[in-house]
$ cat work00.txt   # compact mmCIF, C-alpha atoms
# COMPACT_ATOMS: atom_id res chain seq x y z
CA MET A 1 0.00 0.00 0.00
CA ARG A 2 3.04 2.26 0.19
CA ALA A 3 2.78 3.10 -3.51
CA MET A 4 -0.80 4.25 -2.98
CA TYR A 5 0.06 6.55 -0.07
CA LEU A 6 3.06 7.92 -1.95
CA ALA A 7 0.86 8.63 -4.98
CA PHE A 8 -1.69 10.46 -2.82
CA ALA A 9 1.09 12.50 -1.19
CA ALA A 10 2.54 13.31 -4.62
CA THR A 11 -0.91 14.43 -5.80
CA ILE A 12 -1.12 16.89 -2.91
CA VAL A 13 2.42 18.18 -3.51
CA ILE A 14 1.76 18.65 -7.23
CA GLY A 15 -1.47 20.49 -6.41
CA VAL A 16 0.23 22.90 -4.01
CA VAL A 17 3.11 23.55 -6.42
CA ALA A 18 0.68 24.08 -9.29
CA HIS A 19 -1.29 26.55 -7.20
CA TYR A 20 1.70 28.78 -6.54
CA ALA A 21 3.07 28.34 -10.06
CA LEU A 22 -0.23 29.39 -11.65
CA GLU A 23 -0.44 32.33 -9.27
CA GLN A 24 3.06 33.44 -10.29
CA ILE A 25 2.22 33.49 -13.99
CA GLY A 26 -1.15 35.14 -13.42
CA TYR A 27 -3.30 32.13 -14.21
CA SER A 28 -4.89 31.44 -10.85
CA SER A 29 -8.66 30.94 -10.87
CA GLN A 30 -9.07 34.31 -9.22
CA ASP A 31 -6.95 36.06 -11.81
CA ARG A 32 -8.68 34.50 -14.78
CA TYR A 33 -12.30 34.67 -13.69
CA SER A 34 -12.43 38.12 -12.12
CA SER A 35 -11.39 41.68 -12.79
CA ASP A 36 -10.41 44.72 -10.75
CA SER A 37 -14.04 45.61 -10.29
CA VAL A 38 -14.71 42.37 -8.44
CA ARG A 39 -14.01 42.26 -4.74
CA LEU A 40 -12.38 38.93 -3.92
CA ASP A 41 -11.66 39.22 -0.20
CA MET B 1 -28.23 107.55 7.34
CA LYS B 2 -26.87 104.08 7.31
CA LEU B 3 -30.03 102.78 8.94
CA LEU B 4 -32.08 104.40 6.16
CA GLU B 5 -29.96 102.76 3.52
CA ARG B 6 -30.45 99.38 5.13
CA LEU B 7 -34.19 99.86 5.39
CA SER B 8 -34.39 100.88 1.72
CA PHE B 9 -32.40 97.79 0.70
CA ALA B 10 -34.69 95.53 2.75
CA VAL B 11 -37.82 97.03 1.20
CA LEU B 12 -36.38 96.63 -2.30
CA MET B 13 -35.51 92.97 -1.64
CA MET B 14 -39.01 92.23 -0.38
CA LEU B 15 -40.50 93.86 -3.45
CA ALA B 16 -38.20 91.86 -5.73
CA LEU B 17 -39.15 88.57 -4.06
CA THR B 18 -42.84 89.41 -4.27
CA LEU B 19 -42.54 90.10 -8.01
CA ALA B 20 -40.40 87.00 -8.64
CA ALA B 21 -42.91 84.62 -7.11
CA PRO B 22 -45.66 85.16 -9.72
CA ALA B 23 -43.04 84.85 -12.47
CA GLN B 24 -42.17 81.33 -11.26
CA GLU B 25 -45.82 80.37 -11.12
CA VAL B 26 -46.27 81.44 -14.71
CA ALA B 27 -43.27 79.37 -15.90
CA ALA B 28 -44.39 76.17 -14.11
CA PRO B 29 -46.99 73.98 -15.85
CA PRO B 30 -50.43 74.49 -14.40
CA PRO B 31 -51.39 71.86 -11.87
CA ALA B 32 -53.93 69.39 -13.12
CA PRO B 33 -57.41 70.33 -12.00
CA VAL B 34 -58.84 67.98 -9.46
CA THR B 35 -61.45 66.82 -11.92
CA GLU B 36 -58.77 65.72 -14.41
CA ARG B 37 -56.85 63.48 -12.04
CA GLN B 38 -57.20 59.73 -12.46
CA THR B 39 -60.13 58.37 -10.54
CA LEU B 40 -61.29 54.92 -9.53
CA ASP B 41 -63.84 55.11 -12.34
CA ASP B 42 -61.03 55.65 -14.83
CA ILE B 43 -59.17 52.60 -13.54
CA LEU B 44 -62.29 50.43 -13.61
CA ALA B 45 -63.13 51.64 -17.09
CA ARG B 46 -59.65 50.73 -18.31
CA GLN B 47 -59.89 47.31 -16.72
CA LYS B 48 -63.12 46.74 -18.59
CA GLY B 49 -61.37 47.64 -21.80
CA GLU B 50 -63.20 50.95 -22.23
CA SER B 51 -61.07 53.80 -23.50
CA ALA B 52 -60.75 56.41 -20.82
CA ALA B 53 -59.97 59.99 -21.78
CA ARG B 54 -56.28 60.68 -21.48
CA HIS B 55 -55.25 63.37 -19.09
CA HIS B 56 -52.90 66.10 -20.10
CA ARG B 57 -50.24 64.92 -17.67
CA ASP B 58 -49.90 61.70 -19.65
CA THR B 59 -48.67 63.59 -22.69
CA ASP B 60 -47.43 66.89 -21.38
CA SER B 61 -43.85 65.83 -20.62
CA ALA B 62 -40.40 66.37 -22.15
CA ALA B 63 -40.34 62.79 -23.43
CA GLY B 64 -43.69 63.23 -25.09
CA GLN B 65 -42.46 66.30 -26.95
CA ALA B 66 -39.12 64.78 -28.05
CA GLU B 67 -38.40 63.95 -31.64
CA SER B 68 -39.42 60.39 -32.33
CA ILE B 69 -36.64 57.76 -32.62
CA GLY B 70 -37.27 57.32 -36.31
CA GLY B 71 -37.07 61.05 -36.99
CA GLN B 72 -34.00 62.72 -38.42
CA LEU B 73 -33.20 64.34 -35.08
CA GLY B 74 -34.16 61.29 -33.03
CA THR B 75 -31.73 59.72 -30.60
CA LEU B 76 -30.68 57.06 -33.11
CA GLY B 77 -30.54 59.36 -36.12
CA GLY B 78 -33.09 57.45 -38.12
CA ALA B 79 -31.89 53.89 -37.35
CA SER B 80 -34.43 51.57 -35.81
CA ASP B 81 -33.89 49.89 -32.49
CA SER B 82 -34.18 46.45 -34.02
CA ASP B 83 -31.17 47.02 -36.30
CA VAL B 84 -28.97 47.86 -33.34
CA TRP B 85 -30.14 45.01 -31.14
CA GLU B 86 -29.95 42.50 -33.96
CA ALA B 87 -26.34 43.49 -34.68
CA LEU B 88 -25.45 43.18 -31.00
CA ARG B 89 -27.30 39.90 -30.62
CA PHE B 90 -25.74 38.18 -33.64
CA GLY B 91 -22.25 39.59 -33.15
CA THR B 92 -22.19 41.82 -36.27
CA ALA B 93 -22.08 45.13 -34.40
CA ASP B 94 -18.83 47.07 -34.61
CA VAL B 95 -18.14 47.12 -30.89
CA LYS B 96 -14.97 48.84 -29.76
CA VAL B 97 -13.48 48.27 -26.32
CA SER B 98 -10.41 49.75 -24.68
CA ALA B 99 -9.53 46.55 -22.77
CA GLY B 100 -10.49 42.90 -22.51
CA GLY B 101 -9.95 41.83 -26.11
CA ALA B 102 -12.36 39.68 -28.12
CA PRO B 103 -14.41 38.42 -25.13
CA ALA B 104 -15.15 42.01 -24.05
CA ARG B 105 -16.50 42.88 -27.50
CA VAL B 106 -19.40 40.47 -26.98
CA VAL B 107 -22.07 42.69 -25.45
CA MET B 108 -24.90 40.22 -25.77
CA GLN B 109 -24.43 36.46 -26.05
CA ASP B 110 -27.41 34.97 -27.76
CA ARG B 111 -26.81 31.32 -26.89
CA GLY B 112 -25.66 31.86 -23.32
CA MET B 113 -29.04 31.08 -21.81
CA TRP B 114 -29.25 27.81 -23.73
CA TRP B 115 -25.96 26.76 -22.14
CA LEU B 116 -27.08 27.76 -18.65
CA THR B 117 -30.44 26.03 -18.95
CA PHE B 118 -28.89 22.86 -20.40
CA ARG B 119 -26.12 22.79 -17.80
CA GLU B 120 -28.43 23.16 -14.84
CA GLY B 121 -31.21 21.06 -16.32
CA ARG B 122 -30.79 18.15 -18.69
CA LEU B 123 -27.02 17.78 -18.39
CA SER B 124 -27.05 17.55 -14.60
CA ASN B 125 -30.17 15.40 -14.46
CA TRP B 126 -29.13 12.97 -17.19
CA GLY B 127 -25.66 12.62 -15.73
CA PHE B 128 -27.03 11.95 -12.27
CA PHE B 129 -29.62 9.40 -13.42
CA PHE B 130 -27.05 7.71 -15.68
CA TRP B 131 -24.78 7.18 -12.69
CA ILE B 132 -27.63 6.09 -10.41
CA GLY B 133 -28.75 3.66 -13.14
CA LEU B 134 -25.26 2.19 -13.31
CA VAL B 135 -25.04 1.76 -9.53
CA THR B 136 -28.47 0.09 -9.55
CA PHE B 137 -27.30 -2.26 -12.31
CA LEU B 138 -24.19 -3.18 -10.31
CA VAL B 139 -26.25 -3.85 -7.19
CA ILE B 140 -28.61 -6.12 -9.18
CA PHE B 141 -25.62 -7.81 -10.83
CA TYR B 142 -24.03 -8.44 -7.43
CA LEU B 143 -27.27 -9.88 -6.08
CA LEU B 144 -27.63 -12.20 -9.07
CA ARG B 145 -24.00 -13.19 -9.65
CA GLY B 146 -22.52 -12.69 -6.21
CA ARG B 147 -18.80 -12.29 -5.70
CA ILE B 148 -16.61 -13.90 -8.33
CA MET B 149 -14.53 -16.33 -6.29
CA VAL B 150 -11.17 -17.88 -7.11
CA SER B 151 -11.88 -21.36 -8.41
CA GLY B 152 -10.05 -23.91 -6.30
CA GLY B 153 -9.55 -21.34 -3.52
CA LEU B 154 -6.46 -19.30 -2.74
CA SER B 155 -3.18 -21.19 -3.15
CA GLY B 156 -1.13 -18.97 -0.88
CA ILE B 157 1.50 -18.58 -3.64
CA LYS B 158 1.97 -14.94 -4.65
CA VAL B 159 2.78 -13.61 -8.10
CA VAL B 160 3.92 -10.03 -8.75
CA ARG B 161 1.17 -8.46 -10.83
CA PHE B 162 2.11 -4.76 -10.81
CA THR B 163 5.40 -3.09 -9.85
CA ALA B 164 5.57 -0.21 -7.39
CA ILE B 165 5.90 2.43 -10.12
CA GLU B 166 2.89 1.01 -11.98
CA ARG B 167 0.82 1.14 -8.81
CA PHE B 168 2.09 4.64 -8.08
CA ALA B 169 0.87 5.82 -11.50
CA HIS B 170 -2.48 4.04 -11.07
CA TRP B 171 -3.13 5.55 -7.65
CA MET B 172 -2.08 9.02 -8.74
CA LEU B 173 -4.63 8.80 -11.53
CA ALA B 174 -7.26 7.23 -9.28
CA GLY B 175 -6.73 9.55 -6.30
CA SER B 176 -6.78 12.70 -8.39
CA LEU B 177 -9.85 11.46 -10.28
CA MET B 178 -11.70 10.97 -6.98
CA LEU B 179 -10.87 14.51 -5.90
CA LEU B 180 -11.71 15.96 -9.29
CA GLY B 181 -14.99 14.05 -9.38
CA ALA B 182 -16.06 15.17 -5.91
CA THR B 183 -15.15 18.84 -6.44
CA GLY B 184 -16.55 18.83 -9.98
CA LEU B 185 -19.89 17.49 -8.77
CA LEU B 186 -19.98 20.12 -6.02
CA LEU B 187 -19.47 22.83 -8.64
CA LEU B 188 -22.01 21.35 -11.05
CA PHE B 189 -24.81 20.54 -8.63
CA GLY B 190 -23.95 22.86 -5.74
CA ARG B 191 -25.80 25.99 -6.79
CA THR B 192 -29.09 24.27 -7.56
CA TRP B 193 -29.01 21.22 -5.25
CA PHE B 194 -27.10 22.25 -2.13
CA MET B 195 -27.14 26.05 -1.86
CA PRO B 196 -30.85 26.33 -1.02
CA TYR B 197 -30.20 24.13 2.04
CA ILE B 198 -26.77 25.23 3.25
CA GLY B 199 -27.03 28.93 2.40
CA LYS B 200 -25.10 31.16 0.04
CA ASP B 201 -22.20 31.94 2.37
CA ILE B 202 -21.35 28.32 3.14
CA TYR B 203 -21.76 27.33 -0.50
CA ALA B 204 -19.55 30.22 -1.63
CA THR B 205 -16.74 28.91 0.61
CA ILE B 206 -17.25 25.33 -0.60
CA ALA B 207 -17.30 26.44 -4.25
CA HIS B 208 -14.17 28.54 -3.79
CA TYR B 209 -12.13 25.66 -2.36
CA SER B 210 -13.66 23.16 -4.79
CA LYS B 211 -12.47 25.28 -7.70
CA LEU B 212 -9.05 25.67 -6.12
CA VAL B 213 -8.65 21.91 -5.60
CA HIS B 214 -10.17 21.08 -9.00
CA ASN B 215 -7.82 23.33 -10.96
CA ASN B 216 -4.65 22.33 -9.16
CA VAL B 217 -5.19 18.59 -8.72
CA SER B 218 -5.82 18.34 -12.46
CA TRP B 219 -2.05 18.37 -13.09
CA ALA B 220 -1.59 15.18 -11.07
CA PHE B 221 -4.42 13.61 -13.07
CA MET B 222 -2.73 14.49 -16.35
CA LEU B 223 0.63 13.19 -15.12
CA GLY B 224 -0.98 9.95 -13.90
CA LEU B 225 -2.73 9.56 -17.25
CA VAL B 226 0.53 9.95 -19.17
CA LEU B 227 2.37 7.49 -16.89
CA VAL B 228 -0.38 4.89 -17.08
CA PHE B 229 -0.42 5.22 -20.87
CA LEU B 230 3.34 4.78 -21.14
CA PHE B 231 3.48 1.81 -18.76
CA TRP B 232 0.57 -0.16 -20.17
CA VAL B 233 0.01 0.79 -23.79
CA HIS B 234 1.98 -2.18 -25.14
CA HIS B 235 -0.12 -4.58 -23.03
CA ASN B 236 -3.32 -3.08 -24.40
CA VAL B 237 -2.82 -3.50 -28.12
CA PRO B 238 -5.86 -5.44 -29.44
CA ARG B 239 -5.05 -9.07 -30.26
CA ARG B 240 -6.87 -12.04 -31.77
CA ILE B 241 -7.23 -13.67 -28.34
CA ASP B 242 -9.54 -10.78 -27.33
CA LEU B 243 -12.19 -12.21 -29.66
CA THR B 244 -12.32 -15.35 -27.49
CA TRP B 245 -12.90 -13.16 -24.45
CA PHE B 246 -15.84 -11.49 -26.22
CA ALA B 247 -17.18 -14.82 -27.48
CA GLN B 248 -17.31 -16.11 -23.91
CA GLY B 249 -18.90 -12.91 -22.61
CA GLY B 250 -15.83 -12.16 -20.54
CA GLY B 251 -16.71 -15.07 -18.28
CA ILE B 252 -19.13 -12.80 -16.47
CA PHE B 253 -21.76 -15.51 -16.27
CA GLY B 254 -20.97 -19.12 -15.49
CA ASN B 255 -17.66 -20.47 -14.27
CA LYS B 256 -15.67 -20.25 -17.51
CA HIS B 257 -12.57 -18.07 -17.52
CA PRO B 258 -11.57 -16.95 -20.99
CA PRO B 259 -7.78 -16.97 -21.43
CA ALA B 260 -6.07 -13.57 -21.30
CA ARG B 261 -2.62 -12.08 -21.19
CA LYS B 262 -1.75 -9.26 -18.76
CA PHE B 263 -4.97 -7.44 -19.63
CA ASN B 264 -8.15 -9.05 -20.93
CA ALA B 265 -10.35 -7.48 -23.61
CA GLY B 266 -12.60 -5.82 -21.03
CA GLN B 267 -9.60 -4.23 -19.37
CA LYS B 268 -8.34 -3.08 -22.75
CA ILE B 269 -11.65 -1.35 -23.42
CA LEU B 270 -11.39 0.29 -20.01
CA PHE B 271 -7.80 1.35 -20.71
CA TRP B 272 -8.49 2.94 -24.08
CA THR B 273 -11.69 4.61 -22.90
CA VAL B 274 -9.93 6.07 -19.87
CA ILE B 275 -7.05 7.28 -22.05
CA LEU B 276 -9.32 8.86 -24.67
CA LEU B 277 -11.84 10.35 -22.24
CA GLY B 278 -9.02 11.40 -19.89
CA ALA B 279 -7.21 13.16 -22.73
CA SER B 280 -10.43 14.83 -23.83
CA VAL B 281 -11.28 15.92 -20.28
CA SER B 282 -7.73 17.24 -19.93
CA ALA B 283 -7.92 19.23 -23.17
CA SER B 284 -11.27 20.80 -22.30
CA GLY B 285 -10.06 21.37 -18.72
CA LEU B 286 -6.94 23.15 -19.94
CA SER B 287 -9.02 25.46 -22.11
CA LEU B 288 -11.06 26.29 -18.99
CA ILE B 289 -7.98 26.86 -16.81
CA PHE B 290 -6.53 29.14 -19.50
CA PRO B 291 -9.78 30.76 -20.68
CA PHE B 292 -9.99 32.33 -24.16
CA GLU B 293 -6.41 31.28 -24.94
CA PHE B 294 -7.17 28.55 -27.46
CA ASN B 295 -10.27 27.43 -29.29
CA LEU B 296 -11.15 23.76 -29.45
CA PHE B 297 -14.71 23.59 -30.64
CA ALA B 298 -15.00 25.74 -33.77
CA PRO B 299 -12.34 23.65 -35.60
CA THR B 300 -13.73 20.40 -34.14
CA PHE B 301 -17.25 21.26 -35.28
CA ALA B 302 -15.95 22.22 -38.74
CA THR B 303 -14.20 18.83 -39.04
CA LEU B 304 -17.30 16.97 -37.85
CA ASN B 305 -19.43 18.90 -40.37
CA ASP B 306 -17.00 18.00 -43.16
CA LEU B 307 -17.22 14.34 -42.15
CA GLY B 308 -21.02 14.56 -42.26
CA VAL B 309 -21.47 13.55 -38.63
CA PRO B 310 -24.43 15.90 -37.90
CA ALA B 311 -26.28 14.57 -40.97
CA LEU B 312 -25.71 10.99 -39.78
CA LEU B 313 -27.26 11.93 -36.45
CA GLY B 314 -30.14 13.76 -38.17
CA MET B 315 -28.99 17.10 -36.83
CA ASP B 316 -28.29 20.52 -38.33
CA PRO B 317 -24.63 21.30 -39.01
CA PHE B 318 -22.74 22.28 -35.87
CA PRO B 319 -22.02 26.00 -35.46
CA THR B 320 -18.53 26.98 -36.58
CA GLN B 321 -18.71 30.70 -35.81
CA LEU B 322 -18.43 30.71 -32.03
CA SER B 323 -17.95 33.66 -29.73
CA PRO B 324 -15.13 33.30 -27.16
CA GLN B 325 -17.75 32.73 -24.47
CA GLU B 326 -19.37 29.95 -26.49
CA GLU B 327 -16.02 28.21 -26.81
CA MET B 328 -15.80 28.18 -23.02
CA GLN B 329 -19.39 26.98 -22.68
CA PHE B 330 -18.90 24.08 -25.08
CA ALA B 331 -15.64 23.24 -23.30
CA GLN B 332 -17.51 23.18 -19.99
CA LEU B 333 -20.33 21.00 -21.36
CA TRP B 334 -17.98 18.51 -22.98
CA HIS B 335 -15.83 18.48 -19.84
CA VAL B 336 -18.88 17.41 -17.83
CA ILE B 337 -20.13 14.85 -20.37
CA ALA B 338 -16.72 13.15 -20.67
CA SER B 339 -16.30 13.29 -16.88
CA PHE B 340 -19.62 11.52 -16.35
CA GLY B 341 -18.34 8.81 -18.70
CA LEU B 342 -15.10 8.55 -16.72
CA MET B 343 -16.98 8.41 -13.42
CA ALA B 344 -19.25 5.64 -14.72
CA LEU B 345 -16.26 3.59 -15.87
CA THR B 346 -14.48 4.20 -12.59
CA THR B 347 -17.53 3.10 -10.60
CA ALA B 348 -17.68 -0.20 -12.48
CA HIS B 349 -13.90 -0.59 -12.16
CA ILE B 350 -14.00 0.01 -8.40
CA TYR B 351 -16.81 -2.53 -8.06
CA ILE B 352 -14.96 -5.31 -9.88
CA GLY B 353 -11.68 -4.44 -8.16
CA THR B 354 -13.11 -4.63 -4.63
CA ILE B 355 -16.33 -6.40 -3.71
CA GLY B 356 -17.02 -7.84 -7.16
CA MET B 357 -14.05 -10.19 -7.37
CA GLN B 358 -12.12 -12.08 -4.73
CA GLY B 359 -8.40 -11.29 -4.67
CA ALA B 360 -8.54 -8.52 -7.28
CA PHE B 361 -7.67 -5.59 -4.99
CA HIS B 362 -4.30 -7.07 -4.03
CA ALA B 363 -3.12 -6.49 -7.60
CA MET B 364 -3.13 -2.75 -6.88
CA GLY B 365 -2.84 -2.95 -3.09
CA SER B 366 0.31 -4.98 -2.43
CA GLY B 367 1.04 -5.57 -6.11
CA GLU B 368 0.93 -9.36 -5.62
CA VAL B 369 -1.92 -11.70 -6.54
CA ASP B 370 -2.62 -15.29 -5.68
CA LEU B 371 -1.40 -17.77 -8.30
CA ASN B 372 -4.85 -19.36 -8.61
CA TRP B 373 -6.44 -15.94 -9.19
CA ALA B 374 -3.87 -15.24 -11.90
CA ASN B 375 -4.50 -18.62 -13.51
CA ASP B 376 -8.25 -17.98 -13.47
CA HIS B 377 -8.20 -14.54 -15.07
CA HIS B 378 -4.85 -14.16 -16.85
CA LYS B 379 -3.70 -17.67 -17.68
CA LEU B 380 -1.64 -16.67 -20.73
CA TRP B 381 0.12 -13.97 -18.72
CA VAL B 382 1.09 -16.53 -16.06
CA GLU B 383 2.48 -18.78 -18.77
CA GLU B 384 4.45 -15.85 -20.21
CA MET B 385 5.84 -15.09 -16.76
CA ASP B 386 6.79 -18.74 -16.25
CA GLU B 387 8.56 -18.77 -19.59
CA LYS B 388 10.44 -15.57 -18.72
CA THR B 389 11.48 -16.98 -15.34
CA ARG B 390 12.65 -20.19 -16.96
CA ARG B 391 14.74 -18.29 -19.51
CA LEU B 392 16.24 -16.15 -16.78
CA ALA B 393 17.10 -19.21 -14.71
CA ASP B 394 18.72 -20.80 -17.76
CA LYS B 395 20.85 -17.70 -18.26
CA VAL B 396 21.96 -17.63 -14.63
CA SER B 397 22.81 -21.37 -14.50
CA PRO B 398 23.08 -22.68 -18.05
CA ALA B 399 22.47 -26.39 -18.55
CA GLU B 400 25.71 -28.36 -18.94

$ encode --input "work00.txt" --output "structure tokens"
Amino acid sequence: MRAMYLAFAATIVIGVVAHYALEQIGYSSQDRYSSDSVRLD
Amino acid sequence: MKLLERLSFAVLMMLALTLAAPAQEVAAPPPAPVTERQTLDDILARQKGESAARHHRDTDSAAGQAESIGGQLGTLGGASDSDVWEALRFGTADVKVSAGGAPARVVMQDRGMWWLTFREGRLSNWGFFFWIGLVTFLVIFYLLRGRIMVSGGLSGIKVVRFTAIERFAHWMLAGSLMLLGATGLLLLFGRTWFMPYIGKDIYATIAHYSKLVHNNVSWAFMLGLVLVFLFWVHHNVPRRIDLTWFAQGGGIFGNKHPPARKFNAGQKILFWTVILLGASVSASGLSLIFPFEFNLFAPTFATLNDLGVPALLGMDPFPTQLSPQEEMQFAQLWHVIASFGLMALTTAHIYIGTIGMQGAFHAMGSGEVDLNWANDHHKLWVEEMDEKTRRLADKVSPAE
């Protein structure tokens, strides 16, 4: 079962890295589906 | 003297105000006489369909006196309203924007409501009932067929079925698909099915994190898909032996086990469907993650029209002039349709890999299966493995 747990951990790591990478290049969900006139927070 | 001056000034001011007041009264429109105001009788007469005399206040306004729209000095300079709205509706208006590019030039999107209605109506309902139907079928199948047991019982001898890296790729694909499915369903059904019960604030938080997880976990899904394809594609090439599997109905009913190599024909169908649907879901998902960056559907529809697919289905040709928003809407619809297909396949796969068949889960759990299980379901593969082992042993200690 170690391969399964490793795969799940890798999925989480990839997700977190992707989140910050997309944010860096301006392609986060918030960036793409909103504009300055939308209050996000 | 100063006092006199002040008194004179005050008297003059009073006189001026007194004279100004009538001047204002003259300029203002005369108030409607009490008798001309709308009465209950007027209202009742109108409700009965009788024409009541119009009062001057209905017509005596700036708007009433303005040049009509069709006139030369009208607000549209002689153009009719319908021309303008038609151009905006069908995308032929010359709209100029200072920012936002092509998507911002679409002021009115004619087919947007069709997408919204279809997404929240038939698409969601059909997808849901399709999945429920499949689960019902599996329950009935289980009740009729029961668990497929290993004939002759477990031998206790283990055979390596999948290596660690193969299992890693499988679970990355499977784990990400579970997350994507759960978050995707929350986004698809949430607004109409859950929000009325949990409230807008709670749903907004759930939708926000669902979108976050959905977008970012997708990369693991794509990586898992590529790895699984690379590891197993050569085992999934269709072969003549697959016809035997079909001829025997996959051994689903009865106790016969059609011979198979590493993957039987049913598993090959699963493999290719997952690869094709997974690739399609990935492509449509990428176009949604990077909105308006690349168009998938206008060229696809043009190709399908050229091939005559709509005519075969008895449909009108597919639209090939799509606004940027429509591209996104078709991407979203196809993303959902293909995902429902993937979820259905996965449901059946999970069933047969867990409760449906004795000993099957170990193939992906520990990577080792019982020899009798392997002989039952993948006899040719076991023989291949035996042959390989024998050759290896011969190499290590060659016969004298």

$ interface_residues --input "work00.txt" --of "chain B" --to "chain A" --cutoff "12 Å" --atoms "all atoms listed in the file" --output "count of residues only"
59

$ atom_distance --input "work00.txt" --atom1 "CA of Gln267 in chain B" --atom2 "CA of Ala374 in chain B"
14.5 Å

$ residues_near_point --input "work00.txt" --point "(-20.0, 16.9, -12.3)" --cutoff "12 Å" --atoms "only C-alpha atoms" --output "NGL selection string"
:B and (119-120 or 123-128 or 131 or 177-190 or 210 or 214 or 281 or 332-344)

$ write_last_selection --input "work00.txt" --atoms "C-alpha atoms" --output "tab-separated table (two decimals), in the frame of the given file"
chain	number	residue	atom	x	y	z
B	119	ARG	CA	-26.12	22.79	-17.80
B	120	GLU	CA	-28.43	23.16	-14.84
B	123	LEU	CA	-27.02	17.78	-18.39
B	124	SER	CA	-27.05	17.55	-14.60
B	125	ASN	CA	-30.17	15.40	-14.46
B	126	TRP	CA	-29.13	12.97	-17.19
B	127	GLY	CA	-25.66	12.62	-15.73
B	128	PHE	CA	-27.03	11.95	-12.27
B	131	TRP	CA	-24.78	7.18	-12.69
B	177	LEU	CA	-9.85	11.46	-10.28
B	178	MET	CA	-11.70	10.97	-6.98
B	179	LEU	CA	-10.87	14.51	-5.90
B	180	LEU	CA	-11.71	15.96	-9.29
B	181	GLY	CA	-14.99	14.05	-9.38
B	182	ALA	CA	-16.06	15.17	-5.91
B	183	THR	CA	-15.15	18.84	-6.44
B	184	GLY	CA	-16.55	18.83	-9.98
B	185	LEU	CA	-19.89	17.49	-8.77
B	186	LEU	CA	-19.98	20.12	-6.02
B	187	LEU	CA	-19.47	22.83	-8.64
B	188	LEU	CA	-22.01	21.35	-11.05
B	189	PHE	CA	-24.81	20.54	-8.63
B	190	GLY	CA	-23.95	22.86	-5.74
B	210	SER	CA	-13.66	23.16	-4.79
B	214	HIS	CA	-10.17	21.08	-9.00
B	281	VAL	CA	-11.28	15.92	-20.28
B	332	GLN	CA	-17.51	23.18	-19.99
B	333	LEU	CA	-20.33	21.00	-21.36
B	334	TRP	CA	-17.98	18.51	-22.98
B	335	HIS	CA	-15.83	18.48	-19.84
B	336	VAL	CA	-18.88	17.41	-17.83
B	337	ILE	CA	-20.13	14.85	-20.37
B	338	ALA	CA	-16.72	13.15	-20.67
B	339	SER	CA	-16.30	13.29	-16.88
B	340	PHE	CA	-19.62	11.52	-16.35
B	341	GLY	CA	-18.34	8.81	-18.70
B	342	LEU	CA	-15.10	8.55	-16.72
B	343	MET	CA	-16.98	8.41	-13.42
B	344	ALA	CA	-19.25	5.64	-14.72

$ atom_distance --input "work00.txt" --atom1 "CA of Val382 in chain B" --atom2 "CA of Pro258 in chain B"
13.6 Å

$ residues_near_point --input "work00.txt" --point "(-11.9, 30.3, -28.3)" --cutoff "10 Å" --atoms "all atoms listed in the file" --output "PyMOL selection string"
chain B and resi 102-103+287+291-299+322-331

$ atom_distance --input "work00.txt" --atom1 "CA of Leu138 in chain B" --atom2 "CA of Ala348 in chain B"
7.5 Å
